[in-house]
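Visitor: This is the content of target07.txt (compact mmCIF, C-alpha atoms):
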```txt
# COMPACT_ATOMS: atom_id res chain seq x y z
CA MET A 1 -8.81 18.40 -16.30
CA ASP A 2 -11.99 17.47 -14.45
CA ARG A 3 -13.05 17.41 -10.83
CA LEU A 4 -14.19 13.91 -9.86
CA SER A 5 -17.41 12.94 -8.13
CA ASN A 6 -16.72 9.61 -6.45
CA THR A 7 -18.74 6.76 -4.94
CA VAL A 8 -18.19 5.57 -1.37
CA ARG A 9 -18.74 1.83 -0.92
CA PRO A 10 -20.47 0.82 2.36
CA TYR A 11 -18.82 -2.56 2.97
CA ALA A 12 -19.50 -3.96 6.43
CA TRP A 13 -15.83 -3.85 7.50
CA GLY A 14 -15.54 -0.12 6.81
CA SER A 15 -14.91 2.54 9.42
CA THR A 16 -17.89 4.76 10.20
CA THR A 17 -15.70 7.80 10.88
CA ALA A 18 -12.36 7.78 9.00
CA ILE A 19 -13.50 8.91 5.54
CA PRO A 20 -16.01 11.47 6.91
CA ALA A 21 -13.23 12.90 9.11
CA LEU A 22 -10.96 13.31 6.10
CA LEU A 23 -13.72 14.87 4.00
CA GLY A 24 -14.91 17.10 6.83
CA THR A 25 -18.43 15.68 6.71
CA ALA A 26 -20.68 14.30 9.43
CA PRO A 27 -20.67 10.51 9.89
CA THR A 28 -23.91 8.80 8.93
CA GLY A 29 -23.49 5.91 11.33
CA GLU A 30 -23.08 3.55 8.39
CA PRO A 31 -19.71 2.05 7.38
CA GLN A 32 -17.84 4.00 4.70
CA ALA A 33 -15.20 1.54 3.54
CA GLU A 34 -13.81 2.68 0.19
CA MET A 35 -14.04 5.76 -2.01
CA TRP A 36 -13.32 4.78 -5.62
CA MET A 37 -11.56 7.11 -8.05
CA GLY A 38 -11.27 5.94 -11.64
CA ALA A 39 -13.13 4.11 -14.36
CA HIS A 40 -14.06 0.78 -12.81
CA PRO A 41 -17.43 -0.24 -14.31
CA GLY A 42 -18.77 -1.14 -10.85
CA ALA A 43 -18.60 2.46 -9.60
CA PRO A 44 -16.99 4.83 -12.11
CA SER A 45 -16.15 8.36 -11.08
CA ARG A 46 -18.23 11.06 -12.74
CA ILE A 47 -17.12 14.30 -14.33
CA ALA A 48 -19.04 17.37 -15.49
CA ARG A 49 -17.67 18.04 -18.96
CA PRO A 50 -19.46 19.61 -21.92
CA LYS A 51 -20.25 17.14 -24.68
CA SER A 52 -19.60 18.11 -28.29
CA THR A 53 -21.76 16.88 -31.16
CA THR A 54 -21.78 17.59 -34.89
CA ASP A 55 -24.81 17.81 -37.16
CA THR A 56 -24.23 17.36 -40.88
CA ASN A 57 -26.61 18.85 -43.47
CA GLY A 58 -25.42 18.18 -47.02
CA THR A 59 -21.90 19.65 -47.16
CA THR A 60 -22.35 21.82 -44.06
CA ALA A 61 -21.29 20.59 -40.62
CA THR A 62 -22.37 22.44 -37.48
CA ALA A 63 -20.69 21.78 -34.13
CA HIS A 64 -22.66 22.05 -30.90
CA THR A 65 -21.44 22.00 -27.31
CA THR A 66 -23.93 21.04 -24.63
CA ALA A 67 -23.92 22.46 -21.10
CA PRO A 68 -21.79 20.47 -18.63
CA THR A 69 -23.57 17.43 -17.24
CA GLU A 70 -22.16 14.66 -15.09
CA ARG A 71 -21.02 11.68 -17.12
CA PRO A 72 -19.30 8.46 -16.01
CA LEU A 73 -15.57 8.53 -16.65
CA THR A 74 -15.98 5.16 -18.38
CA ASP A 75 -18.15 6.81 -21.04
CA VAL A 76 -15.74 9.72 -21.52
CA ILE A 77 -12.82 7.35 -22.07
CA ALA A 78 -14.82 5.07 -24.37
CA ALA A 79 -15.68 8.04 -26.60
CA ASP A 80 -12.01 8.94 -27.20
CA PRO A 81 -9.57 6.38 -25.72
CA GLU A 82 -6.39 7.76 -27.28
CA GLY A 83 -7.31 11.35 -26.53
CA GLU A 84 -7.96 10.56 -22.87
CA LEU A 85 -5.34 7.87 -22.16
CA GLY A 86 -2.65 8.50 -24.76
CA ALA A 87 -1.77 6.23 -27.66
CA ALA A 88 0.93 4.35 -25.71
CA THR A 89 -1.40 3.49 -22.82
CA VAL A 90 -4.07 2.23 -25.22
CA ALA A 91 -1.52 0.17 -27.13
CA ARG A 92 -0.29 -1.43 -23.90
CA PHE A 93 -3.52 -1.92 -21.96
CA GLY A 94 -6.39 -1.39 -24.39
CA PRO A 95 -9.01 1.39 -24.31
CA ARG A 96 -9.42 1.47 -20.53
CA LEU A 97 -7.87 3.17 -17.53
CA PRO A 98 -5.58 0.40 -16.22
CA PHE A 99 -5.63 1.41 -12.55
CA LEU A 100 -8.12 2.18 -9.79
CA LEU A 101 -7.35 4.58 -6.92
CA LYS A 102 -9.14 4.35 -3.57
CA LEU A 103 -9.39 5.78 -0.12
CA LEU A 104 -9.66 2.66 2.07
CA ALA A 105 -10.89 2.90 5.67
CA ALA A 106 -10.81 -0.37 7.60
CA GLY A 107 -12.72 -0.39 10.87
CA SER A 108 -12.52 -4.18 11.21
CA PRO A 109 -10.50 -6.88 9.40
CA LEU A 110 -11.05 -7.49 5.71
CA SER A 111 -11.08 -11.00 4.27
CA LEU A 112 -7.82 -12.92 4.08
CA GLN A 113 -7.05 -13.10 0.36
CA VAL A 114 -4.59 -13.49 -2.51
CA HIS A 115 -4.56 -12.33 -6.12
CA PRO A 116 -3.52 -14.33 -9.21
CA ASP A 117 -0.73 -13.42 -11.57
CA LEU A 118 -1.57 -12.43 -15.14
CA ASP A 119 -1.18 -15.91 -16.62
CA GLN A 120 -3.32 -17.50 -13.89
CA ALA A 121 -6.01 -14.85 -14.36
CA ARG A 122 -6.16 -15.35 -18.11
CA LYS A 123 -6.35 -19.13 -17.85
CA GLY A 124 -8.82 -19.08 -14.96
CA TYR A 125 -11.11 -16.60 -16.68
CA ALA A 126 -11.07 -18.54 -19.96
CA ASP A 127 -11.82 -21.79 -18.12
CA GLU A 128 -14.81 -20.40 -16.23
CA GLU A 129 -16.12 -18.71 -19.37
CA ALA A 130 -15.85 -22.02 -21.26
CA ARG A 131 -17.74 -23.78 -18.47
CA GLY A 132 -20.51 -21.20 -18.65
CA ILE A 133 -20.26 -20.01 -15.04
CA PRO A 134 -22.20 -16.72 -14.80
CA ILE A 135 -19.95 -13.76 -14.08
CA ASP A 136 -22.04 -12.86 -11.02
CA ALA A 137 -22.26 -16.41 -9.64
CA PRO A 138 -21.17 -16.53 -5.97
CA HIS A 139 -18.82 -19.43 -6.71
CA ARG A 140 -17.19 -17.66 -9.66
CA THR A 141 -13.49 -17.03 -8.95
CA TYR A 142 -12.24 -15.06 -11.99
CA LYS A 143 -14.31 -11.99 -12.84
CA ASP A 144 -11.90 -10.83 -15.57
CA ALA A 145 -8.66 -11.82 -17.29
CA ASN A 146 -6.39 -9.41 -15.43
CA HIS A 147 -4.11 -9.62 -12.42
CA LYS A 148 -4.58 -7.37 -9.37
CA PRO A 149 -1.33 -6.19 -7.80
CA GLU A 150 -1.97 -3.44 -5.27
CA LEU A 151 -0.26 -0.89 -3.04
CA ILE A 152 -1.60 0.57 0.20
CA CYS A 153 -0.09 3.75 1.63
CA ALA A 154 -1.01 4.65 5.21
CA LEU A 155 -2.58 8.02 6.02
CA THR A 156 -3.02 7.01 9.68
CA PRO A 157 -1.40 4.19 11.68
CA PHE A 158 -2.44 1.15 9.68
CA ASP A 159 -2.44 -2.54 10.71
CA GLY A 160 -2.35 -5.48 8.34
CA LEU A 161 -1.18 -8.98 7.57
CA CYS A 162 1.22 -9.53 4.69
CA GLY A 163 2.97 -12.67 3.49
CA PHE A 164 3.92 -15.85 5.35
CA ARG A 165 6.14 -15.60 8.40
CA ARG A 166 8.74 -18.27 9.16
CA PRO A 167 6.95 -21.54 9.99
CA THR A 168 8.81 -21.78 13.31
CA GLU A 169 7.54 -18.30 14.25
CA ALA A 170 3.97 -19.34 13.40
CA ALA A 171 4.50 -22.47 15.49
CA ASP A 172 5.56 -20.33 18.44
CA VAL A 173 2.40 -18.20 18.14
CA MET A 174 0.13 -21.26 18.07
CA GLU A 175 2.00 -23.20 20.75
CA ALA A 176 1.77 -20.30 23.21
CA LEU A 177 -2.03 -20.62 23.13
CA GLY A 178 -1.95 -23.98 24.89
CA VAL A 179 -4.76 -25.41 22.74
CA ASP A 180 -4.38 -29.16 22.37
CA SER A 181 -6.10 -29.35 18.98
CA LEU A 182 -3.47 -26.99 17.52
CA LYS A 183 -0.59 -29.32 18.38
CA PRO A 184 -0.69 -31.19 15.02
CA TYR A 185 -0.27 -27.84 13.22
CA VAL A 186 2.58 -26.87 15.52
CA ASP A 187 4.32 -30.17 14.85
CA LEU A 188 3.90 -29.78 11.07
CA LEU A 189 5.32 -26.26 11.17
CA ARG A 190 8.40 -27.45 13.03
CA ALA A 191 8.98 -30.71 11.15
CA HIS A 192 8.88 -29.82 7.45
CA PRO A 193 10.78 -27.58 5.04
CA GLU A 194 9.20 -24.14 4.81
CA GLU A 195 7.11 -24.52 1.67
CA ALA A 196 5.76 -27.95 2.61
CA ALA A 197 5.01 -26.85 6.18
CA LEU A 198 3.03 -23.79 5.14
CA ARG A 199 1.15 -25.65 2.42
CA GLU A 200 0.21 -28.58 4.68
CA VAL A 201 -0.97 -26.41 7.55
CA LEU A 202 -3.05 -24.02 5.42
CA THR A 203 -4.57 -27.00 3.58
CA ALA A 204 -5.39 -28.69 6.89
CA ILE A 205 -6.95 -25.54 8.36
CA LEU A 206 -9.20 -24.91 5.35
CA GLY A 207 -10.10 -28.57 4.93
CA ALA A 208 -10.96 -29.37 8.55
CA ASP A 209 -14.45 -30.26 9.77
CA PRO A 210 -16.25 -26.91 10.26
CA ALA A 211 -17.77 -27.82 13.64
CA GLU A 212 -14.49 -29.06 15.05
CA MET A 213 -12.65 -26.09 13.65
CA ALA A 214 -15.16 -23.68 15.23
CA ASP A 215 -14.41 -25.17 18.65
CA THR A 216 -10.66 -24.90 18.07
CA VAL A 217 -10.96 -21.29 16.95
CA ALA A 218 -13.08 -20.46 20.00
CA GLU A 219 -10.43 -21.93 22.31
CA ALA A 220 -7.67 -20.12 20.44
CA ALA A 221 -9.58 -16.84 20.61
CA ALA A 222 -10.06 -17.13 24.36
CA ALA A 223 -6.34 -17.81 24.77
CA CYS A 224 -5.47 -14.77 22.64
CA GLU A 225 -7.67 -12.61 24.88
CA ARG A 226 -5.84 -13.90 27.97
CA LEU A 227 -2.36 -13.46 26.51
CA GLY A 228 -2.84 -10.01 24.96
CA ASP A 229 0.19 -8.16 23.50
CA ALA A 230 1.46 -10.10 20.47
CA HIS A 231 -1.76 -12.13 20.34
CA ALA A 232 -4.07 -9.10 20.53
CA PRO A 233 -4.51 -8.79 16.72
CA TYR A 234 -5.80 -12.37 16.52
CA ALA A 235 -8.21 -11.75 19.40
CA ARG A 236 -9.57 -8.77 17.46
CA ILE A 237 -9.88 -10.85 14.28
CA ALA A 238 -11.66 -13.65 16.17
CA HIS A 239 -14.08 -11.15 17.69
CA ASN A 240 -15.18 -10.12 14.19
CA TYR A 241 -15.12 -13.63 12.71
CA PRO A 242 -16.04 -16.08 15.49
CA GLY A 243 -15.33 -19.69 14.55
CA ASP A 244 -13.77 -18.75 11.18
CA PRO A 245 -10.72 -20.89 10.29
CA GLY A 246 -9.16 -17.75 8.85
CA VAL A 247 -8.33 -16.76 12.43
CA LEU A 248 -5.79 -19.58 12.50
CA ALA A 249 -4.63 -18.93 8.93
CA ALA A 250 -3.90 -15.34 10.02
CA MET A 251 -1.37 -16.65 12.53
CA LEU A 252 0.73 -17.93 9.62
CA LEU A 253 1.23 -14.38 8.33
CA ASN A 254 3.42 -11.42 9.22
CA TYR A 255 1.69 -8.79 11.31
CA VAL A 256 2.61 -5.31 10.04
CA GLN A 257 2.02 -1.86 11.52
CA LEU A 258 2.49 1.02 9.06
CA GLN A 259 3.07 4.60 10.07
CA PRO A 260 1.67 7.45 7.93
CA GLY A 261 3.57 7.66 4.65
CA GLU A 262 4.69 4.01 4.74
CA ALA A 263 3.26 1.54 2.24
CA LEU A 264 2.90 -2.15 1.46
CA PHE A 265 3.04 -3.69 -2.01
CA LEU A 266 1.00 -6.87 -2.51
CA GLY A 267 2.08 -8.90 -5.51
CA ALA A 268 0.55 -12.06 -6.95
CA GLY A 269 0.16 -15.03 -4.62
CA VAL A 270 0.91 -13.08 -1.41
CA PRO A 271 -1.75 -13.73 1.27
CA HIS A 272 -2.80 -10.56 3.05
CA ALA A 273 -5.53 -8.77 4.96
CA TYR A 274 -6.02 -5.21 6.13
CA LEU A 275 -7.09 -4.90 9.75
CA ASP A 276 -7.47 -1.26 10.75
CA GLY A 277 -6.64 2.23 9.50
CA LEU A 278 -7.04 4.73 6.66
CA GLY A 279 -4.92 4.62 3.53
CA VAL A 280 -4.59 5.45 -0.15
CA GLU A 281 -4.78 2.27 -2.22
CA ILE A 282 -3.96 1.80 -5.89
CA MET A 283 -4.38 -1.40 -7.89
CA ALA A 284 -4.63 -2.82 -11.36
CA ASN A 285 -8.23 -2.49 -12.52
CA SER A 286 -9.41 -6.03 -11.72
CA ASP A 287 -11.86 -7.88 -9.47
CA ASN A 288 -9.94 -11.14 -9.16
CA VAL A 289 -9.76 -12.19 -5.49
CA LEU A 290 -9.24 -15.64 -4.04
CA ARG A 291 -10.29 -15.71 -0.40
CA CYS A 292 -8.80 -17.94 2.28
CA GLY A 293 -10.73 -16.96 5.38
CA LEU A 294 -12.40 -14.21 7.42
CA THR A 295 -15.37 -14.16 5.10
CA PRO A 296 -18.75 -15.82 4.52
CA LYS A 297 -18.03 -15.78 0.79
CA HIS A 298 -17.01 -18.75 -1.34
CA ILE A 299 -13.51 -20.15 -0.83
CA ASP A 300 -12.20 -22.14 -3.81
CA VAL A 301 -9.60 -24.18 -1.91
CA PRO A 302 -8.07 -26.10 -4.87
CA GLU A 303 -7.61 -22.94 -6.94
CA LEU A 304 -6.39 -21.01 -3.91
CA LEU A 305 -3.67 -23.59 -3.26
CA ARG A 306 -2.53 -23.23 -6.88
CA VAL A 307 -2.28 -19.45 -6.62
CA VAL A 308 -0.74 -18.97 -3.17
CA ARG A 309 3.05 -18.66 -3.04
CA PHE A 310 4.12 -20.77 -0.07
CA GLU A 311 7.29 -18.99 0.91
CA ALA A 312 8.24 -17.11 4.04
CA THR A 313 9.01 -13.45 3.35
CA GLU A 314 9.76 -10.31 5.29
CA PRO A 315 6.97 -7.76 4.79
CA GLY A 316 8.42 -5.21 2.42
CA VAL A 317 7.50 -1.85 3.95
CA LEU A 318 7.99 0.86 1.32
CA ARG A 319 8.97 4.43 1.99
CA PRO A 320 8.77 7.06 -0.76
CA GLU A 321 11.93 7.83 -2.74
CA ALA A 322 12.46 11.56 -3.20
CA SER A 323 13.38 13.12 -6.55
CA PRO A 324 14.77 16.58 -7.41
CA SER A 325 11.31 17.64 -8.62
CA GLY A 326 9.84 17.12 -5.16
CA GLU A 327 7.94 14.01 -6.23
CA GLU A 328 8.20 11.15 -3.72
CA ARG A 329 7.70 7.85 -5.54
CA TYR A 330 6.59 4.48 -4.22
CA GLU A 331 8.58 2.12 -6.43
CA THR A 332 6.87 -1.12 -7.51
CA PRO A 333 7.43 -3.64 -10.34
CA VAL A 334 3.97 -3.00 -11.78
CA ASP A 335 3.20 -1.64 -15.27
CA GLU A 336 -0.43 -0.64 -14.73
CA PHE A 337 0.13 1.98 -12.07
CA ALA A 338 2.53 4.29 -10.29
CA LEU A 339 1.84 6.15 -7.06
CA SER A 340 3.70 9.18 -5.77
CA ARG A 341 3.24 11.99 -3.27
CA TYR A 342 3.90 15.73 -3.22
CA THR A 343 4.18 17.73 -0.03
CA LEU A 344 3.51 21.30 -1.13
CA ALA A 345 4.44 24.47 0.76
CA SER A 346 2.85 27.89 0.40
CA GLY A 347 4.97 30.19 -1.75
CA ALA A 348 7.09 27.40 -3.21
CA ALA A 349 7.53 26.93 -6.95
CA PRO A 350 4.66 25.05 -8.63
CA ALA A 351 4.96 21.27 -8.94
CA GLU A 352 4.99 20.39 -12.64
CA LEU A 353 2.73 17.37 -13.19
CA THR A 354 2.29 17.17 -16.97
CA ALA A 355 2.65 13.57 -18.15
CA PRO A 356 2.03 11.52 -21.32
CA THR A 357 -0.28 9.26 -19.29
CA PRO A 358 -3.69 9.79 -17.65
CA GLN A 359 -3.56 10.89 -14.02
CA ILE A 360 -5.75 11.08 -10.94
CA LEU A 361 -4.64 13.62 -8.34
CA LEU A 362 -5.94 13.30 -4.77
CA CYS A 363 -5.55 15.83 -1.96
CA THR A 364 -5.22 14.28 1.52
CA ALA A 365 -4.19 17.30 3.62
CA GLY A 366 -4.31 21.09 3.44
CA THR A 367 -5.51 22.96 0.36
CA VAL A 368 -3.94 22.33 -3.03
CA ARG A 369 -4.62 24.23 -6.24
CA VAL A 370 -4.41 22.09 -9.38
CA GLY A 371 -4.79 24.19 -12.48
CA GLU A 372 -7.85 26.31 -11.77
CA LEU A 373 -9.33 23.93 -9.20
CA ASP A 374 -8.88 24.06 -5.43
CA LEU A 375 -8.79 20.69 -3.70
CA THR A 376 -9.36 19.99 -0.02
CA PRO A 377 -8.83 16.61 1.69
CA GLY A 378 -10.61 13.80 -0.12
CA GLN A 379 -11.17 15.78 -3.32
CA SER A 380 -9.63 14.61 -6.59
CA VAL A 381 -9.26 15.43 -10.28
CA TYR A 382 -8.78 13.45 -13.46
CA VAL A 383 -6.15 14.73 -15.92
CA PRO A 384 -6.15 13.34 -19.50
CA ALA A 385 -2.84 12.27 -21.04
CA ALA A 386 -0.49 15.10 -22.03
CA GLU A 387 -2.67 17.85 -20.56
CA ALA A 388 -0.52 20.58 -18.99
CA VAL A 389 -1.01 20.76 -15.23
CA GLU A 390 0.80 22.09 -12.17
CA ALA A 391 0.02 22.22 -8.47
CA THR A 392 0.55 24.87 -5.79
CA GLY A 393 -0.66 25.48 -2.26
CA SER A 394 0.02 24.02 1.15
CA GLY A 395 -0.86 20.38 1.58
CA THR A 396 -0.37 16.80 0.42
CA LEU A 397 -1.20 15.57 -3.06
CA PHE A 398 -1.10 11.95 -4.22
CA ARG A 399 -0.53 11.30 -7.90
CA ALA A 400 -1.78 8.09 -9.55
CA THR A 401 -0.80 7.33 -13.12
CA VAL A 402 0.56 4.62 -15.43
CA ALA A 403 4.13 3.48 -14.85
CA ALA A 404 6.46 5.58 -17.03
CA ARG A 405 8.40 2.55 -18.29
CA THR A 406 5.29 1.30 -20.13
CA VAL A 407 4.76 4.36 -22.33
```
Can the structure in the file be given as structure tokens, please?

Guide:
Amino acid sequence: MDRLSNTVRPYAWGSTTAIPALLGTAPTGEPQAEMWMGAHPGAPSRIARPKSTTDTNGTTATAHTTAPTERPLTDVIAADPEGELGAATVARFGPRLPFLLKLLAAGSPLSLQVHPDLDQARKGYADEEARGIPIDAPHRTYKDANHKPELICALTPFDGLCGFRRPTEAADVMEALGVDSLKPYVDLLRAHPEEAALREVLTAILGADPAEMADTVAEAAAACERLGDAHAPYARIAHNYPGDPGVLAAMLLNYVQLQPGEALFLGAGVPHAYLDGLGVEIMANSDNVLRCGLTPKHIDVPELLRVVRFEATEPGVLRPEASPSGEERYETPVDEFALSRYTLASGAAPAELTAPTPQILLCTAGTVRVGELDLTPGQSVYVPAAEAVEATGSGTLFRATVAARTV
């Protein structure tokens, strides 16, 4: 088991205070958007573990152990995939940690986006590789051949957008603004079957003349400011993204407010955006994102329209399911990851956490002792597959691992 040193990503939408408040550190004034825990090559966690080497001289082998030095978790796993991840995880996902855990702190809205399913990701990646599009090109859509389902669990009240609402409900939101240029969208939303209505309106919004659309968004934003209440989230979005057509696309989606402990699961093709709050996020280890607004980045409209699932859904708010062991699980249909929570009490029996899969354990409240390590909020450890581990103390511990059904 190893204590993790993690990187905080300073994306512009990040809160300047939420992660420092959890960690008990002073804000720097700069946004601190995400703290990454895992083995993503873009910002792998680091561990201080002695490194063993063997010198061979004729028939004599001499083992040496170096003093602990910080090494990227990617390198540690690459040196012994089965020892770190377990044979079953490697057989299922290859020699890599299949999930990434994050603390996510939104101070302003993130981009409106969707993720591909596994088949779409594989085909899209192969196509762009065959066409020779550089992996770091700004117009590149598929960075890898993996899907990116994700789960966000609120640590504070957390606002977001998730999935399409009923077209008639979206029509009501737009019609209440009294903006003449929105009337064609309102009529489409009321006149067509659900799938066709949502597809036509999103296509029209993203394909409209940018100058004309900027004027429409400005009028809509002013109306949202006047109306307040149910329109307040869109006024906030428009304030951060003036003139962006994503402001109107956001009105097609369900607005969701999570309370601490509640979660949202985002599967393939589900449009979503996080607006405000601090949460624990887990996802398949992928960078595949198709954006559909609220961003200056490239929007691949044809590919986006192939990936989006145009169906109205109720936002599926998840609450943890308790087990006799004290583990509270957030159930999802995903193979790459599983997220659960332990609420530990001083003097209670230890929580047994040994598993055949690799784990990352994150403290979010109180003080938790994991093995010989004490964790305070924001601190985390990496546990190799099958290593014996238990937790005690008084606090909250999140457990990220590979779904049990896959091993």

Visitor: Do you know which residues are at most 12 Å from stretch 65-79 of chain A counting only C-alpha atoms, after dropping those on the same chain fewer than 3 positions away, and could you put them as a PyMOL selection string?

Guide: chain A and resi 1-7+36-55+62+82-86+90+94-98+100+358+360+381-385

Visitor: Go ahead and write the selection's residues with C-alpha atoms as an mmCIF file, in the frame of the given file.

Guide:
```
data_model
loop_
_atom_site.group_PDB
_atom_site.id
_atom_site.type_symbol
_atom_site.label_atom_id
_atom_site.label_comp_id
_atom_site.auth_asym_id
_atom_site.auth_seq_id
_atom_site.Cartn_x
_atom_site.Cartn_y
_atom_site.Cartn_z
ATOM 1 C CA MET A 1 -8.810 18.400 -16.300
ATOM 2 C CA ASP A 2 -11.990 17.470 -14.450
ATOM 3 C CA ARG A 3 -13.050 17.410 -10.830
ATOM 4 C CA LEU A 4 -14.190 13.910 -9.860
ATOM 5 C CA SER A 5 -17.410 12.940 -8.130
ATOM 6 C CA ASN A 6 -16.720 9.610 -6.450
ATOM 7 C CA THR A 7 -18.740 6.760 -4.940
ATOM 8 C CA TRP A 36 -13.320 4.780 -5.620
ATOM 9 C CA MET A 37 -11.560 7.110 -8.050
ATOM 10 C CA GLY A 38 -11.270 5.940 -11.640
ATOM 11 C CA ALA A 39 -13.130 4.110 -14.360
ATOM 12 C CA HIS A 40 -14.060 0.780 -12.810
ATOM 13 C CA PRO A 41 -17.430 -0.240 -14.310
ATOM 14 C CA GLY A 42 -18.770 -1.140 -10.850
ATOM 15 C CA ALA A 43 -18.600 2.460 -9.600
ATOM 16 C CA PRO A 44 -16.990 4.830 -12.110
ATOM 17 C CA SER A 45 -16.150 8.360 -11.080
ATOM 18 C CA ARG A 46 -18.230 11.060 -12.740
ATOM 19 C CA ILE A 47 -17.120 14.300 -14.330
ATOM 20 C CA ALA A 48 -19.040 17.370 -15.490
ATOM 21 C CA ARG A 49 -17.670 18.040 -18.960
ATOM 22 C CA PRO A 50 -19.460 19.610 -21.920
ATOM 23 C CA LYS A 51 -20.250 17.140 -24.680
ATOM 24 C CA SER A 52 -19.600 18.110 -28.290
ATOM 25 C CA THR A 53 -21.760 16.880 -31.160
ATOM 26 C CA THR A 54 -21.780 17.590 -34.890
ATOM 27 C CA ASP A 55 -24.810 17.810 -37.160
ATOM 28 C CA THR A 62 -22.370 22.440 -37.480
ATOM 29 C CA GLU A 82 -6.390 7.760 -27.280
ATOM 30 C CA GLY A 83 -7.310 11.350 -26.530
ATOM 31 C CA GLU A 84 -7.960 10.560 -22.870
ATOM 32 C CA LEU A 85 -5.340 7.870 -22.160
ATOM 33 C CA GLY A 86 -2.650 8.500 -24.760
ATOM 34 C CA VAL A 90 -4.070 2.230 -25.220
ATOM 35 C CA GLY A 94 -6.390 -1.390 -24.390
ATOM 36 C CA PRO A 95 -9.010 1.390 -24.310
ATOM 37 C CA ARG A 96 -9.420 1.470 -20.530
ATOM 38 C CA LEU A 97 -7.870 3.170 -17.530
ATOM 39 C CA PRO A 98 -5.580 0.400 -16.220
ATOM 40 C CA LEU A 100 -8.120 2.180 -9.790
ATOM 41 C CA PRO A 358 -3.690 9.790 -17.650
ATOM 42 C CA ILE A 360 -5.750 11.080 -10.940
ATOM 43 C CA VAL A 381 -9.260 15.430 -10.280
ATOM 44 C CA TYR A 382 -8.780 13.450 -13.460
ATOM 45 C CA VAL A 383 -6.150 14.730 -15.920
ATOM 46 C CA PRO A 384 -6.150 13.340 -19.500
ATOM 47 C CA ALA A 385 -2.840 12.270 -21.040
#
```

Visitor: Please list, as a PyMOL selection string, the residues that have an atom at most 6 Å away from (-8.0, -13.4, -2.4) in the coordinates of this file, counting all atoms listed in the file.

Guide: chain A and resi 113-115+289-291

Visitor: Which distance in Å separates atom CA of A:Ser380 and atom CA of A:Leu361, to one decimal?

Guide: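 Here the two named atoms are 5.4 Å from each other.
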
Visitor: Between atom CA of A:Gln259 and atom CA of A:Thr396, what is the distance, to one decimal in Å?

Guide: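 That distance, rounded to one decimal, is 15.9 Å.
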
Visitor: What's the separation between atom CA of A:Ala121 and atom CA of A:Ala284, in Å to one decimal place?

Guide: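 Value for the atom CA of A:Ala121-atom CA of A:Ala284 distance: 12.5 Å.
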
Visitor: Using all atoms listed in the file, which residues sit within 6 Å of A:Glu327 once same-chain residues fewer than 2 positions away are excluded, as a PyMOL selection string?

Guide: chain A and resi 322-323+325+341-342

Visitor: Within 8 Å of stretch 260-262 of chain A, counting only C-alpha atoms, which residues qualify if same-chain residues fewer than 6 places away don't, as a compact mmCIF listing (two decimals) with C-alpha atoms, in the frame of the given file?

Guide:
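Everything below was put into selection_8.txt:
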```txt
# COMPACT_ATOMS: atom_id res chain seq x y z
CA CYS A 153 -0.09 3.75 1.63
CA ALA A 154 -1.01 4.65 5.21
CA LEU A 155 -2.58 8.02 6.02
CA THR A 156 -3.02 7.01 9.68
CA PRO A 157 -1.40 4.19 11.68
CA PHE A 158 -2.44 1.15 9.68
CA VAL A 317 7.50 -1.85 3.95
CA LEU A 318 7.99 0.86 1.32
CA ARG A 319 8.97 4.43 1.99
CA PRO A 320 8.77 7.06 -0.76
```

Visitor: Can you tell me, as a ChimeraX atom specification, what residues are no more than 8 Å from A:Tyr255 when counting all atoms listed in the file, ignoring any on the same chain fewer than 5 positions away?

Guide: /A:159-162

Visitor: Using all atoms listed in the file, which of the listed residues (A:Tyr274, A:Phe337, A:Tyr330, A:Phe398) sits closest to A:Leu362?

Guide: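 Looking at the shortest contact to A:Leu362, the residue is A:Phe398.
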
Visitor: Given the choices A:Thr364, A:Glu390, A:Ala268, A:Gly293, which gets closest to A:Leu151 if the distance is worked out from only C-alpha atoms?

Guide: A:Ala268

Visitor: What's around stretch 196-209 of chain A at 7 Å? Count all atoms listed in the file, leave out sequence neighbours fewer than 5 positions away in its own chain, and write the answer as a list in words.

Guide: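 Near stretch 196-209 of chain A, the qualifying residues are Pro167, Tyr185, Leu188, Leu189, Pro245, Ala249 and Phe310 of chain A.
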
Visitor: Let me make sure I understand: among A:Thr313, A:Thr354, A:Gln257, A:Ser15, which one has the smallest atom-to-atom distance to A:Glu195 if we use all atoms listed in the file?

Guide: A:Thr313

Visitor: Using only the atoms of stretch 322-337 of chain A listed in the file, plus 6 Å on each side, state the axis-aligned box centre and edge lengths in Å rounded to one decimal, as AutoDock Vina command-line options.

Guide:
```
--center_x 7.2 --center_y 7.0 --center_z -9.2 --size_x 27.2 --size_y 33.3 --size_z 24.1
```

Visitor: Smallest atom-to-atom distance to A:Ile299: which of A:Ala388, A:Ala221, A:Leu112, A:Ala18, using all atoms listed in the file?

Guide: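 The shortest atom-to-atom distance to A:Ile299 comes from A:Leu112.
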
Visitor: Could you check the closest approach to A:Glu314 for each of A:Ser286, A:Thr16, A:Thr295, A:Asn254 and tell me which residue wins, using only C-alpha atoms?

Guide: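 Among A:Ser286, A:Thr16, A:Thr295, A:Asn254, it is A:Asn254 that comes nearest to A:Glu314.
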